[in-house]
Structures are given as structure tokens and as C-alpha cells.
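Visitor: The structure under discussion is supplied below as C-alpha cells; questions concerning it will follow.
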Amino acid sequence: MKTGALRQILLITDGCSNTGEDPIAMAALAKEQGITINVIGVMEKDIIDEQGLTEIEGIALSGGGVSQVVYSQQLSQTVQMVTRKAMTQTLQGVVNRELQQILGGGNTVEDLPPDKRGEVMEVVDELGETVELNVLILVDTSASMKHKLPTVKEALLDLSLSLNARAGENRFSVFVFPGKRNDVEKLLDWTPKLESLTSIFAKLTTGGMTPTGPALREALTYFKKKRSLRSLLSGDDESFIEESV
Amino acid sequence: MMMNHSLKSLCKVSPGTPINGKWHGNQYKIIKELGYGANGIVYLTSHNGVQVALKMSDNGMSITSEVNVLKSFAKVQGSTLGPVLLDVDDWMSGSDRISFYVMEYIKGPDLLTFIHQRGESWISVIVLQLLSDLQKMHENGWVFGDLKPENLIIMGPPPRIRCIDVGGTTINGRAIKEFTEFFDRGYWGLGSRKADPSYDLFAVGMIMLNIAYPKRFTKTTGGMDQLKLMIEKSRELSMYKGILYKALNGQFSSAVQMRGELLQSLQTQQTRTTTKTKTKPSPQRQHNVSQKTVTRQAYRKKSNKGGIIETLIVLSVISMLYFLYIWLSF
């Protein structure tokens, strides 16, 4: 089975959006384009307010991804876990659709007897190891995130360590919001390694509003640009996965 | 947290509830909850009067994935590290489908509790057992991945190390599926997260550090420097220093190699400690120098002969234990 690259947006934030479009709607839009959105809420000692929590869960739910709220100390482990989980989820969706075509009707893996599911899972595992993965990382740099940024940097380096242990290719890009002039600012263009983040993160300034919705909208266009540019260069027509679970 | 939420509400089952398998028709009665992790909840249940452990999850795929690992464990000759898989099925709880699998109930204290109760002398025994189990796994192309004391249970008597969570087990050469930072070489900046035998051996080294530092410690400088410092500071670990350095630096290519060197160092250590305890008995420290040298020389003469006998005894006891253990594990 051949799948195109998996595309994910990883949103790291610590609270509610307060300007621009509804981020949950933007997440739904992303899902329609085959891009999964995962959200990690970073807490300090305090607990994220109810409204923030609802938004975090809502974005992931309508973005077809995974959400998790953590204390900043657990960020590294969570970032890689969430990315992996969402990846498996998407691949399961792909495999399920293939199965439905073969078996007909609404049959999914779960409708197979338990003994048969194992083989399907092996296919998912195999795909998870070899599939190309593109992750656009979107970091909230509003004032309250200031002292959490070093942990975020560590977590992202750790994510690249985890994903680069796979046989498949990885591409990462990093954006922060709000940007200096726009809602979103590009920190790092598509790259297989995140090491260069160390120097860039040190210079980051925090402050301003939390335009989560506009940031997501911007990020989506960046996937498109990259896709068209790549297909122009290589001339290949990659079949992107159009829908996630 | 959101995932745990949904999991807890779906899979929260009260004692006495019968769990009926949809495909194989077996019934399991819930006795109590044994524990829960990211991938599901484990219950103690009874099936035809026998106590068995049952793990359920609303995420059927993670159950399937673990079942795959347990099945492949079953094919490994003589390996007893993981629990024996007994049944895989679905349970219809109302309109929800909950996947579960049933395994042998492994009862006993976890590794840290066991060492705490029974004493340091058990460290080497447990580590030796663990290493020979890992060797068998590695030979069959698997890497354990998420090795940590919480997942390691000492059954017995006779004490025997077993593992209760196989969720992190990964095919050799692939990216490690699950890990815990303290036991992960990537976290300490000492290697990749690609599964290979030395990944597990690093974790074994960190388990030994965890025994010396039950509360663990966080990364400051990271790397070998910090770990070396922590080993130096620990009294319990002094006798394992050499082996720990090599395991943490990824210098052992196989578990059997690490095991061999551990055995060897234990043997030399054992003779040395017996000699030391014999030199010590002078309770007053205010001996004058000449007297001290005299006693020591006198002792040395004696000890040469005694030393050989002691070495032989220790060697034979260790090899007897080893053979007994091999014989038991078949």
C-alpha cells in the first residue's frame, strides 16, 4: 500500500485565542484538506481555565488529531506521544478505508475477529515506520508563554530525535504567533532536523494577543505552497491523504 | 488528559461485573483494578476460579498491537519475561465495543520495592536474570523499549523477574514505540531512539541507578558527565561502576556480553569483600603503624591459602546458582 506524506500541524499553546477567526472552524478546514491538527496545552502550576481547555479539545477534535494538556516538565514526552498517536490514527484511517473497499460495507478492522486484526496492525506499524511525515509546529508566544519557551524548545529537539529514529523521512517547520508584523511568523523553513532551533529560540520575544485562528489559517496556506512547489520541482503527483480519522 | 478521561469513563468497571467475550464466549468476573496506564486499564479477574489479569482499552488497535507482541513472545523458546497470553476478545458494554486481552496474573512486588525489602544483595541476581531474558528477546529480533522498575515484577518464591507491560516492545531497527525519559538514552543525549540491543542495556544501567536513587533525578548537564557523577556518589553502585559506564556508553553489543562481565566482576568483588571483612576486625583505630603492618602481613600469609579456597567456594556457589536458574527457566 502506498500513502503520500502525512501532514500534521502541532499547536503548542497555553490558553484561549482572543482575536480573529474561530480556531475550531480553522481546524475543521484543515481536516477537509487532509491535514491533522494536534494540540498541546502547556500548564504551569496553575490549571488552564475551562474555556481554554474546551478550545484545546475542540481544535483537536475537529482537526482530526489528538490533544493533551500537560505540565511543562512533561512536555517532551507528550509532544512525541501526541505526534505518534495522531500518525497512527491517520494511518489506521487509511488502512480502514482500504479494508472497507476489500470487505465492502461499513467493515473496519474492529469487525474482524481479534485473531485477524494482528496482521492489519502489522501493516499500520510498518507504515508508521516508513511513511513520510510533515509536521508544521505552531508555537504560541503570547506573554504568558515566556518562561515556557525553553521547555518548548527542548521538547521540539526531542521530537526530532524521536521521529528521526524512523526509517521514513521527516520534515519540520516552525512558526510562532503572534509574529512581529503579522499574525504568524516563520522561524524555520521545512527541514529534516530541528537543531537550528536552539539559536533562533533564544532571540524570540513574547507578548501580544493570541490569534490562534488566524495562525492556523496562515499555516494551512504554507502546506499548499510547499506542496505545489515540490510538485513543480519533482513533477511527481503525490497522492496526499485526503482525510483523517 | 482528554484521552484518559474518555478511557476512564468507558473502561471503569466495578468489581463483580462479568465480562463476556463476544467471539470466544469466555466469561471473566472483575475482582479489582490492578492499575492503569496510557493504553488501558488492567483488572484482576477470575475465570473458572482461576485468577487472571485482563487488560481493556477503548483503543482496539493498541490492544491488538500488544497482543501481537505477546504472541511473538510465546514463540521465543524459554523466554518467560512477559506474561503468557490467554485470550483476546471484545466485550460489548451497551453499544460500546471494548477490546480486551487476558493474560497470566503476575503477582509480586515491583523491582524497587523488592530490593528495598530484601536487600542490596539481590540487585545482581535480578539484573543477571533480566539480562538473560533480554538476550533471548534480542536474539529473536525484538527490543523491549520501555524498561523501567514499575513494569518489572518479582514473582516467587523463588524470586524471578517478570515484566507486566510490553507496550513499548519494538522490532529491532525501528523507532522505539514507547519510552520513559529517565531510562531513555535519547533523553540523556547518549544515543538515538532506534531500537537495538544496546538501547535496552542502557535502560538496565539506568534501572540500577534508579535503585540507588529511588526518587530518580532530573537532567542538568545531561550526558555521561552527569550520570558518571551520580554513579560516583553512590555507595551501592561502586561495585558496578565499570559495567555501568560501558552500558550507558553503549559499549556492550549484547546482553550476554554485559551479563558475562557482570558475573566476572562479581566474582572478583566477592573475593575482595571476603578479604576485606577479614582485615577489618581490629575495632580500635589507634593501632600503631608497625602493629598494623605486622597483622596485615600475617594475615596475608594466611589469606593466600584461604583466598583460593574462598574463591573456589564462591565460584562453585555462583555456578551452582546459575545452573539451577538455567534448569528452572526451562
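So you can find residues: chains in the C-alpha cells are A, B, ... in the order shown, residues in each start at 1, and ligands are numbered from 1 in order.
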Skipping near chain neighbours, those fewer than 2 positions away, what residues fall within 9 Å of Gln68 of chain A using only C-alpha atoms, listed as a PyMOL selection string?
Guide: (chain A and resi 38-42+56-57+66+70+78-79+82) or (chain B and resi 1-3)
Visitor: Next, dump the selected residues to file, keeping only all heavy atoms, as an mmCIF file, in the first residue's frame.
Guide:
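Below is the file result-v3.cif, written as the result:
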```cif
data_model
loop_
_atom_site.group_PDB
_atom_site.id
_atom_site.type_symbol
_atom_site.label_atom_id
_atom_site.label_comp_id
_atom_site.auth_asym_id
_atom_site.auth_seq_id
_atom_site.Cartn_x
_atom_site.Cartn_y
_atom_site.Cartn_z
ATOM 1 N N ASN A 38 -2.993 18.624 15.889
ATOM 2 C CA ASN A 38 -2.815 18.175 17.265
ATOM 3 C C ASN A 38 -2.569 19.394 18.146
ATOM 4 O O ASN A 38 -1.906 20.333 17.721
ATOM 5 C CB ASN A 38 -1.607 17.252 17.372
ATOM 6 C CG ASN A 38 -1.762 16.029 16.507
ATOM 7 O OD1 ASN A 38 -2.815 15.416 16.484
ATOM 8 N ND2 ASN A 38 -0.716 15.701 15.765
ATOM 9 N N VAL A 39 -3.080 19.346 19.359
ATOM 10 C CA VAL A 39 -2.908 20.497 20.249
ATOM 11 C C VAL A 39 -2.337 20.054 21.589
ATOM 12 O O VAL A 39 -2.797 19.070 22.180
ATOM 13 C CB VAL A 39 -4.253 21.205 20.530
ATOM 14 C CG1 VAL A 39 -4.005 22.574 21.138
ATOM 15 C CG2 VAL A 39 -5.076 21.320 19.275
ATOM 16 N N ILE A 40 -1.329 20.793 22.033
ATOM 17 C CA ILE A 40 -0.806 20.538 23.371
ATOM 18 C C ILE A 40 -0.978 21.796 24.195
ATOM 19 O O ILE A 40 -0.540 22.878 23.805
ATOM 20 C CB ILE A 40 0.664 20.113 23.317
ATOM 21 C CG1 ILE A 40 0.751 18.770 22.596
ATOM 22 C CG2 ILE A 40 1.247 20.000 24.717
ATOM 23 C CD1 ILE A 40 2.130 18.254 22.438
ATOM 24 N N GLY A 41 -1.681 21.663 25.304
ATOM 25 C CA GLY A 41 -1.852 22.779 26.219
ATOM 26 C C GLY A 41 -0.801 22.684 27.305
ATOM 27 O O GLY A 41 -0.676 21.649 27.950
ATOM 28 N N VAL A 42 -0.037 23.759 27.487
ATOM 29 C CA VAL A 42 1.036 23.721 28.489
ATOM 30 C C VAL A 42 0.591 24.466 29.743
ATOM 31 O O VAL A 42 0.296 25.651 29.695
ATOM 32 C CB VAL A 42 2.315 24.402 27.968
ATOM 33 C CG1 VAL A 42 3.508 23.950 28.780
ATOM 34 C CG2 VAL A 42 2.519 24.088 26.503
ATOM 35 N N ILE A 56 -8.999 23.855 23.353
ATOM 36 C CA ILE A 56 -7.919 22.924 23.009
ATOM 37 C C ILE A 56 -8.504 21.596 22.518
ATOM 38 O O ILE A 56 -8.113 21.061 21.478
ATOM 39 C CB ILE A 56 -6.993 22.714 24.224
ATOM 40 C CG1 ILE A 56 -6.105 23.950 24.382
ATOM 41 C CG2 ILE A 56 -6.153 21.457 24.076
ATOM 42 C CD1 ILE A 56 -5.388 24.031 25.699
ATOM 43 N N GLU A 57 -9.469 21.086 23.283
ATOM 44 C CA GLU A 57 -10.088 19.816 22.884
ATOM 45 C C GLU A 57 -10.858 19.967 21.584
ATOM 46 O O GLU A 57 -10.840 19.081 20.726
ATOM 47 C CB GLU A 57 -10.998 19.298 24.003
ATOM 48 C CG GLU A 57 -10.201 18.816 25.206
ATOM 49 C CD GLU A 57 -11.079 18.313 26.345
ATOM 50 O OE1 GLU A 57 -12.317 18.392 26.225
ATOM 51 O OE2 GLU A 57 -10.513 17.847 27.346
ATOM 52 N N VAL A 66 -5.106 14.803 18.040
ATOM 53 C CA VAL A 66 -5.053 14.392 19.434
ATOM 54 C C VAL A 66 -4.741 15.629 20.265
ATOM 55 O O VAL A 66 -3.984 16.486 19.825
ATOM 56 C CB VAL A 66 -3.930 13.348 19.623
ATOM 57 C CG1 VAL A 66 -3.803 12.948 21.073
ATOM 58 C CG2 VAL A 66 -4.171 12.142 18.742
ATOM 59 N N VAL A 70 -0.704 19.326 29.557
ATOM 60 C CA VAL A 70 0.368 18.823 30.426
ATOM 61 C C VAL A 70 1.037 19.954 31.186
ATOM 62 O O VAL A 70 0.976 21.115 30.811
ATOM 63 C CB VAL A 70 1.471 18.108 29.625
ATOM 64 C CG1 VAL A 70 0.991 16.821 29.068
ATOM 65 C CG2 VAL A 70 2.043 18.999 28.543
ATOM 66 N N THR A 78 5.233 14.221 25.957
ATOM 67 C CA THR A 78 3.902 14.383 25.396
ATOM 68 C C THR A 78 3.944 14.735 23.915
ATOM 69 O O THR A 78 3.188 14.194 23.124
ATOM 70 C CB THR A 78 3.146 15.481 26.153
ATOM 71 O OG1 THR A 78 3.252 15.214 27.549
ATOM 72 C CG2 THR A 78 1.700 15.526 25.764
ATOM 73 N N VAL A 79 4.859 15.640 23.560
ATOM 74 C CA VAL A 79 4.951 16.066 22.170
ATOM 75 C C VAL A 79 5.173 14.862 21.260
ATOM 76 O O VAL A 79 4.492 14.697 20.252
ATOM 77 C CB VAL A 79 6.079 17.106 21.999
ATOM 78 C CG1 VAL A 79 6.490 17.237 20.559
ATOM 79 C CG2 VAL A 79 5.631 18.444 22.539
ATOM 80 N N VAL A 82 1.968 12.473 21.342
ATOM 81 C CA VAL A 82 0.821 13.011 20.603
ATOM 82 C C VAL A 82 1.053 12.900 19.095
ATOM 83 O O VAL A 82 0.185 12.468 18.338
ATOM 84 C CB VAL A 82 0.577 14.477 21.033
ATOM 85 C CG1 VAL A 82 -0.224 15.235 19.994
ATOM 86 C CG2 VAL A 82 -0.116 14.515 22.374
ATOM 87 N N MET B 1 -4.834 14.158 28.601
ATOM 88 C CA MET B 1 -5.795 14.129 29.676
ATOM 89 C C MET B 1 -7.198 13.855 29.151
ATOM 90 O O MET B 1 -7.977 13.141 29.749
ATOM 91 C CB MET B 1 -5.785 15.468 30.390
ATOM 92 C CG MET B 1 -5.537 15.280 31.870
ATOM 93 S SD MET B 1 -5.136 16.829 32.609
ATOM 94 C CE MET B 1 -3.633 16.427 33.450
ATOM 95 N N MET B 2 -7.424 14.404 27.991
ATOM 96 C CA MET B 2 -8.713 14.167 27.366
ATOM 97 C C MET B 2 -8.865 12.678 27.071
ATOM 98 O O MET B 2 -9.917 12.107 27.273
ATOM 99 C CB MET B 2 -8.757 14.967 26.077
ATOM 100 C CG MET B 2 -9.988 14.733 25.259
ATOM 101 S SD MET B 2 -9.749 15.521 23.672
ATOM 102 C CE MET B 2 -10.347 14.260 22.604
ATOM 103 N N MET B 3 -7.757 12.061 26.648
ATOM 104 C CA MET B 3 -7.829 10.648 26.301
ATOM 105 C C MET B 3 -8.079 9.817 27.550
ATOM 106 O O MET B 3 -8.866 8.892 27.546
ATOM 107 C CB MET B 3 -6.531 10.226 25.654
ATOM 108 C CG MET B 3 -6.327 10.930 24.347
ATOM 109 S SD MET B 3 -4.786 10.509 23.607
ATOM 110 C CE MET B 3 -3.636 11.042 24.819
#
```
Visitor: Can I get the residues of chain A within 7 Å of chain B, each with the closest pair of atoms and their distance in Å to one decimal, using only C-alpha atoms, sorted chain first then ascending number, as a Markdown table?
Guide:
```
| residue | atom | partner | partner_atom | distance |
| --- | --- | --- | --- | --- |
| A:Ser67 | CA | B:Met2 | CA | 6.8 |
| A:Gln68 | CA | B:Met1 | CA | 5.4 |
| A:Val69 | CA | B:Met1 | CA | 5.9 |
| A:Pro114 | CA | B:Asp89 | CA | 6.1 |
| A:Arg117 | CA | B:Thr64 | CA | 6.5 |
| A:Gly118 | CA | B:Thr64 | CA | 5.7 |
| A:Met121 | CA | B:Ser65 | CA | 6.3 |
| A:Glu129 | CA | B:Arg174 | CA | 6.7 |
| A:Leu161 | CA | B:Ser192 | CA | 6.9 |
| A:Ser162 | CA | B:Arg193 | CA | 5.9 |
| A:Ala165 | CA | B:Ala175 | CA | 4.8 |
| A:Arg166 | CA | B:Ala175 | CA | 4.8 |
```
Visitor: At a cut-off of 10 Å, using only C-alpha atoms, what residues contact segment 235-241 of chain B? Leave out same-chain residues fewer than 3 positions from it and give the result as an mmCIF file with N, CA and C atoms, in the first residue's frame.
Guide:
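The result, written out as result.cif:
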```
data_model
loop_
_atom_site.group_PDB
_atom_site.id
_atom_site.type_symbol
_atom_site.label_atom_id
_atom_site.label_comp_id
_atom_site.auth_asym_id
_atom_site.auth_seq_id
_atom_site.Cartn_x
_atom_site.Cartn_y
_atom_site.Cartn_z
ATOM 1 N N GLU B 120 20.268 -5.213 49.217
ATOM 2 C CA GLU B 120 21.074 -4.936 48.028
ATOM 3 C C GLU B 120 21.640 -6.176 47.363
ATOM 4 N N SER B 121 21.825 -7.229 48.139
ATOM 5 C CA SER B 121 22.482 -8.406 47.566
ATOM 6 C C SER B 121 21.652 -8.987 46.420
ATOM 7 N N ILE B 123 20.362 -7.171 44.028
ATOM 8 C CA ILE B 123 20.497 -6.375 42.809
ATOM 9 C C ILE B 123 21.114 -7.199 41.691
ATOM 10 N N SER B 124 22.272 -7.805 41.998
ATOM 11 C CA SER B 124 22.974 -8.516 40.933
ATOM 12 C C SER B 124 22.169 -9.708 40.421
ATOM 13 N N GLY B 205 21.092 -0.217 32.837
ATOM 14 C CA GLY B 205 22.010 0.612 33.611
ATOM 15 C C GLY B 205 21.258 1.655 34.423
ATOM 16 N N MET B 208 19.541 0.349 37.444
ATOM 17 C CA MET B 208 20.450 0.214 38.586
ATOM 18 C C MET B 208 20.653 1.573 39.264
ATOM 19 N N LEU B 209 20.735 2.625 38.452
ATOM 20 C CA LEU B 209 20.840 3.967 39.045
ATOM 21 C C LEU B 209 19.577 4.317 39.832
ATOM 22 N N ILE B 211 17.761 2.257 41.406
ATOM 23 C CA ILE B 211 17.794 1.543 42.688
ATOM 24 C C ILE B 211 18.563 2.376 43.710
ATOM 25 N N ALA B 212 19.658 2.982 43.258
ATOM 26 C CA ALA B 212 20.461 3.805 44.163
ATOM 27 C C ALA B 212 19.777 5.137 44.463
ATOM 28 N N TYR B 213 19.024 5.640 43.488
ATOM 29 C CA TYR B 213 18.314 6.909 43.679
ATOM 30 C C TYR B 213 16.822 6.680 43.440
ATOM 31 N N LYS B 228 27.902 9.872 35.315
ATOM 32 C CA LYS B 228 29.127 9.414 35.966
ATOM 33 C C LYS B 228 29.185 9.932 37.389
ATOM 34 N N MET B 230 26.744 10.820 39.307
ATOM 35 C CA MET B 230 25.748 10.173 40.146
ATOM 36 C C MET B 230 26.214 8.765 40.544
ATOM 37 N N ILE B 231 26.909 8.093 39.640
ATOM 38 C CA ILE B 231 27.411 6.756 39.964
ATOM 39 C C ILE B 231 28.499 6.874 41.038
ATOM 40 N N GLU B 232 29.384 7.855 40.863
ATOM 41 C CA GLU B 232 30.481 8.062 41.822
ATOM 42 C C GLU B 232 29.940 8.311 43.234
ATOM 43 N N LEU B 244 28.462 -0.256 34.530
ATOM 44 C CA LEU B 244 27.519 0.835 34.276
ATOM 45 C C LEU B 244 28.061 1.795 33.216
ATOM 46 N N TYR B 245 29.330 2.163 33.339
ATOM 47 C CA TYR B 245 29.910 3.071 32.341
ATOM 48 C C TYR B 245 29.744 2.503 30.940
ATOM 49 N N LYS B 246 30.067 1.205 30.826
ATOM 50 C CA LYS B 246 30.010 0.593 29.488
ATOM 51 C C LYS B 246 28.570 0.501 28.979
ATOM 52 N N ALA B 247 27.646 0.148 29.865
ATOM 53 C CA ALA B 247 26.246 0.024 29.436
ATOM 54 C C ALA B 247 25.692 1.378 29.025
ATOM 55 N N LEU B 262 29.401 -8.745 34.126
ATOM 56 C CA LEU B 262 28.833 -8.535 35.460
ATOM 57 C C LEU B 262 29.191 -9.712 36.359
ATOM 58 N N SER B 265 32.886 -9.553 37.301
ATOM 59 C CA SER B 265 33.211 -8.538 38.301
ATOM 60 C C SER B 265 32.680 -8.931 39.666
ATOM 61 N N LEU B 266 31.558 -9.657 39.675
ATOM 62 C CA LEU B 266 31.007 -10.119 40.949
ATOM 63 C C LEU B 266 31.951 -11.102 41.612
ATOM 64 N N GLN B 269 34.901 -9.287 42.921
ATOM 65 C CA GLN B 269 34.413 -8.458 44.020
ATOM 66 C C GLN B 269 34.196 -9.297 45.272
ATOM 67 N N GLN B 270 33.597 -10.449 45.046
ATOM 68 C CA GLN B 270 33.253 -11.315 46.161
ATOM 69 C C GLN B 270 34.498 -11.716 46.949
#
```
Visitor: For the strand (DSSP E or B) assignment from backbone DSSP, which residues of segment 161-215 of chain B qualify? Please present them as a PyMOL selection string.
Guide: chain B and resi 161-163+170-171+175+194
Visitor: Convert the current residue selection to file output with C-alpha atoms, as an mmCIF file, in the first residue's frame.
Guide:
```cif
data_model
loop_
_atom_site.group_PDB
_atom_site.id
_atom_site.type_symbol
_atom_site.label_atom_id
_atom_site.label_comp_id
_atom_site.auth_asym_id
_atom_site.auth_seq_id
_atom_site.Cartn_x
_atom_site.Cartn_y
_atom_site.Cartn_z
ATOM 1 C CA ILE B 161 11.835 -11.248 37.385
ATOM 2 C CA ARG B 162 8.846 -10.774 35.064
ATOM 3 C CA CYS B 163 7.541 -7.918 33.044
ATOM 4 C CA THR B 170 9.711 -2.736 19.145
ATOM 5 C CA ILE B 171 11.152 -4.670 16.212
ATOM 6 C CA ALA B 175 11.963 3.656 16.094
ATOM 7 C CA LYS B 194 16.389 3.467 17.095
#
```
Visitor: With only C-alpha atoms as the counted atoms, please give the residues lying no more than 12 Å from Met145 of chain A, apart from itself and same-chain residues fewer than 6 positions off, as a ChimeraX atom specification.
Guide: /A:12-15,41-44,72,139,151-152,176-178,204-210
Visitor: Any chance you could export the current selection's N, CA and C atoms as a PDB file, in the first residue's frame?
Guide:
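For reference, out27.pdb as written:
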```pdb
ATOM      1  N   ILE A  12       1.144  24.378  19.927  1.00  0.00           N
ATOM      2  CA  ILE A  12       1.525  24.406  21.343  1.00  0.00           C
ATOM      3  C   ILE A  12       1.088  25.741  21.929  1.00  0.00           C
ATOM      4  N   THR A  13       0.190  25.700  22.893  1.00  0.00           N
ATOM      5  CA  THR A  13      -0.384  26.937  23.410  1.00  0.00           C
ATOM      6  C   THR A  13      -0.649  26.808  24.906  1.00  0.00           C
ATOM      7  N   ASP A  14      -1.025  27.905  25.552  1.00  0.00           N
ATOM      8  CA  ASP A  14      -1.339  27.781  26.971  1.00  0.00           C
ATOM      9  C   ASP A  14      -2.671  28.437  27.322  1.00  0.00           C
ATOM     10  N   GLY A  15      -3.458  28.699  26.303  1.00  0.00           N
ATOM     11  CA  GLY A  15      -4.731  29.294  26.674  1.00  0.00           C
ATOM     12  C   GLY A  15      -5.607  29.591  25.486  1.00  0.00           C
ATOM     13  N   GLY A  41      -1.681  21.663  25.304  1.00  0.00           N
ATOM     14  CA  GLY A  41      -1.852  22.779  26.219  1.00  0.00           C
ATOM     15  C   GLY A  41      -0.801  22.684  27.305  1.00  0.00           C
ATOM     16  N   VAL A  42      -0.037  23.759  27.487  1.00  0.00           N
ATOM     17  CA  VAL A  42       1.036  23.721  28.489  1.00  0.00           C
ATOM     18  C   VAL A  42       0.591  24.466  29.743  1.00  0.00           C
ATOM     19  N   MET A  43       0.578  23.762  30.849  1.00  0.00           N
ATOM     20  CA  MET A  43       0.200  24.399  32.107  1.00  0.00           C
ATOM     21  C   MET A  43       1.445  24.736  32.899  1.00  0.00           C
ATOM     22  N   GLU A  44       1.306  25.718  33.756  1.00  0.00           N
ATOM     23  CA  GLU A  44       2.358  25.958  34.745  1.00  0.00           C
ATOM     24  C   GLU A  44       1.869  25.275  36.006  1.00  0.00           C
ATOM     25  N   SER A  72       4.566  21.728  32.109  1.00  0.00           N
ATOM     26  CA  SER A  72       5.666  21.896  31.170  1.00  0.00           C
ATOM     27  C   SER A  72       6.782  20.852  31.327  1.00  0.00           C
ATOM     28  N   VAL A 139       3.840  27.642  17.493  1.00  0.00           N
ATOM     29  CA  VAL A 139       4.052  27.911  18.911  1.00  0.00           C
ATOM     30  C   VAL A 139       3.456  29.257  19.312  1.00  0.00           C
ATOM     31  N   THR A 151      11.426  25.167  27.592  1.00  0.00           N
ATOM     32  CA  THR A 151      10.919  23.788  27.639  1.00  0.00           C
ATOM     33  C   THR A 151      10.364  23.385  26.278  1.00  0.00           C
ATOM     34  N   VAL A 152       9.685  24.319  25.629  1.00  0.00           N
ATOM     35  CA  VAL A 152       9.142  24.022  24.306  1.00  0.00           C
ATOM     36  C   VAL A 152      10.280  23.672  23.347  1.00  0.00           C
ATOM     37  N   VAL A 176       5.729  30.899  14.777  1.00  0.00           N
ATOM     38  CA  VAL A 176       5.251  31.405  16.061  1.00  0.00           C
ATOM     39  C   VAL A 176       4.135  32.408  15.816  1.00  0.00           C
ATOM     40  N   PHE A 177       3.240  32.523  16.784  1.00  0.00           N
ATOM     41  CA  PHE A 177       2.200  33.535  16.689  1.00  0.00           C
ATOM     42  C   PHE A 177       1.983  34.175  18.052  1.00  0.00           C
ATOM     43  N   PRO A 178       1.749  35.444  18.191  1.00  0.00           N
ATOM     44  CA  PRO A 178       1.717  36.423  17.107  1.00  0.00           C
ATOM     45  C   PRO A 178       3.126  36.755  16.607  1.00  0.00           C
ATOM     46  N   LEU A 204      13.776  34.862  20.584  1.00  0.00           N
ATOM     47  CA  LEU A 204      12.335  35.108  20.496  1.00  0.00           C
ATOM     48  C   LEU A 204      11.843  36.106  21.530  1.00  0.00           C
ATOM     49  N   THR A 205      10.936  36.979  21.097  1.00  0.00           N
ATOM     50  CA  THR A 205      10.292  37.850  22.063  1.00  0.00           C
ATOM     51  C   THR A 205       8.847  37.402  22.220  1.00  0.00           C
ATOM     52  N   THR A 206       8.326  37.585  23.404  1.00  0.00           N
ATOM     53  CA  THR A 206       6.947  37.181  23.630  1.00  0.00           C
ATOM     54  C   THR A 206       6.093  38.415  23.882  1.00  0.00           C
ATOM     55  N   GLY A 207       4.793  38.226  23.743  1.00  0.00           N
ATOM     56  CA  GLY A 207       3.867  39.324  24.030  1.00  0.00           C
ATOM     57  C   GLY A 207       2.788  39.426  22.986  1.00  0.00           C
ATOM     58  N   GLY A 208       1.790  40.214  23.257  1.00  0.00           N
ATOM     59  CA  GLY A 208       0.729  40.442  22.286  1.00  0.00           C
ATOM     60  C   GLY A 208      -0.479  39.572  22.490  1.00  0.00           C
ATOM     61  N   MET A 209      -1.321  39.550  21.466  1.00  0.00           N
ATOM     62  CA  MET A 209      -2.579  38.810  21.509  1.00  0.00           C
ATOM     63  C   MET A 209      -2.325  37.332  21.239  1.00  0.00           C
ATOM     64  N   THR A 210      -3.414  36.549  21.240  1.00  0.00           N
ATOM     65  CA  THR A 210      -3.308  35.130  20.904  1.00  0.00           C
ATOM     66  C   THR A 210      -4.209  34.845  19.705  1.00  0.00           C
TER      67      THR A 210
END
```
Visitor: With DSSP run on the backbone, what are the alpha helix (DSSP H) residues within segment 139-192 of chain A? I'd like them as a list in words.
Guide: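 Selecting the alpha helix (DSSP H) positions of segment 139-192 of chain A gives Leu149, Pro150, Thr151, Val152, Lys153, Glu154, Ala155, Leu156, Leu157, Asp158, Leu159, Ser160, Leu161, Ser162 and Leu163 of chain A.
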Visitor: Go ahead and save the residues from that selection, with N, CA, C and O atoms, as an mmCIF file, in the first residue's frame.
Guide:
```cif
data_model
loop_
_atom_site.group_PDB
_atom_site.id
_atom_site.type_symbol
_atom_site.label_atom_id
_atom_site.label_comp_id
_atom_site.auth_asym_id
_atom_site.auth_seq_id
_atom_site.Cartn_x
_atom_site.Cartn_y
_atom_site.Cartn_z
ATOM 1 N N LEU A 149 9.026 28.815 27.056
ATOM 2 C CA LEU A 149 9.660 28.611 25.759
ATOM 3 C C LEU A 149 10.916 27.722 25.790
ATOM 4 O O LEU A 149 11.096 26.905 24.885
ATOM 5 N N PRO A 150 11.773 27.853 26.797
ATOM 6 C CA PRO A 150 12.931 26.934 26.821
ATOM 7 C C PRO A 150 12.495 25.467 26.837
ATOM 8 O O PRO A 150 13.103 24.627 26.169
ATOM 9 N N THR A 151 11.426 25.167 27.592
ATOM 10 C CA THR A 151 10.919 23.788 27.639
ATOM 11 C C THR A 151 10.364 23.385 26.278
ATOM 12 O O THR A 151 10.545 22.251 25.843
ATOM 13 N N VAL A 152 9.685 24.319 25.629
ATOM 14 C CA VAL A 152 9.142 24.022 24.306
ATOM 15 C C VAL A 152 10.280 23.672 23.347
ATOM 16 O O VAL A 152 10.204 22.699 22.600
ATOM 17 N N LYS A 153 11.346 24.444 23.414
ATOM 18 C CA LYS A 153 12.494 24.183 22.542
ATOM 19 C C LYS A 153 13.045 22.772 22.788
ATOM 20 O O LYS A 153 13.267 22.005 21.854
ATOM 21 N N GLU A 154 13.240 22.444 24.070
ATOM 22 C CA GLU A 154 13.731 21.107 24.414
ATOM 23 C C GLU A 154 12.810 20.033 23.843
ATOM 24 O O GLU A 154 13.260 19.035 23.283
ATOM 25 N N ALA A 155 11.516 20.254 24.005
ATOM 26 C CA ALA A 155 10.544 19.261 23.558
ATOM 27 C C ALA A 155 10.604 19.070 22.052
ATOM 28 O O ALA A 155 10.459 17.957 21.542
ATOM 29 N N LEU A 156 10.846 20.158 21.329
ATOM 30 C CA LEU A 156 10.885 20.054 19.876
ATOM 31 C C LEU A 156 12.153 19.331 19.409
ATOM 32 O O LEU A 156 12.119 18.528 18.479
ATOM 33 N N LEU A 157 13.269 19.613 20.078
ATOM 34 C CA LEU A 157 14.502 18.894 19.742
ATOM 35 C C LEU A 157 14.293 17.405 19.994
ATOM 36 O O LEU A 157 14.723 16.545 19.218
ATOM 37 N N ASP A 158 13.619 17.123 21.100
ATOM 38 C CA ASP A 158 13.347 15.744 21.460
ATOM 39 C C ASP A 158 12.432 15.073 20.438
ATOM 40 O O ASP A 158 12.613 13.908 20.103
ATOM 41 N N LEU A 159 11.486 15.836 19.918
ATOM 42 C CA LEU A 159 10.581 15.296 18.899
ATOM 43 C C LEU A 159 11.362 14.902 17.652
ATOM 44 O O LEU A 159 11.135 13.845 17.065
ATOM 45 N N SER A 160 12.307 15.749 17.266
ATOM 46 C CA SER A 160 13.055 15.424 16.056
ATOM 47 C C SER A 160 13.940 14.203 16.293
ATOM 48 O O SER A 160 14.143 13.380 15.407
ATOM 49 N N LEU A 161 14.405 14.040 17.531
ATOM 50 C CA LEU A 161 15.188 12.841 17.866
ATOM 51 C C LEU A 161 14.326 11.587 17.718
ATOM 52 O O LEU A 161 14.738 10.582 17.149
ATOM 53 N N SER A 162 13.100 11.668 18.226
ATOM 54 C CA SER A 162 12.196 10.520 18.163
ATOM 55 C C SER A 162 11.841 10.168 16.725
ATOM 56 O O SER A 162 11.906 9.012 16.319
ATOM 57 N N LEU A 163 11.439 11.179 15.986
ATOM 58 C CA LEU A 163 10.939 10.893 14.646
ATOM 59 C C LEU A 163 12.071 10.523 13.699
ATOM 60 O O LEU A 163 11.888 9.733 12.784
#
```
Visitor: Hey, what's within 7 Å of Val143 of chain B if we count only C-alpha atoms and toss same-chain stuff fewer than 4 positions away? As a PyMOL selection string, please?
Guide: chain B and resi 137-138+169-172+195-197+200
Visitor: Mind giving me the straight-line distance from atom CA of Lys136 of chain B to atom CA of Leu70 of chain B in Å, one decimal?
Guide: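 The value is 14.2 Å.
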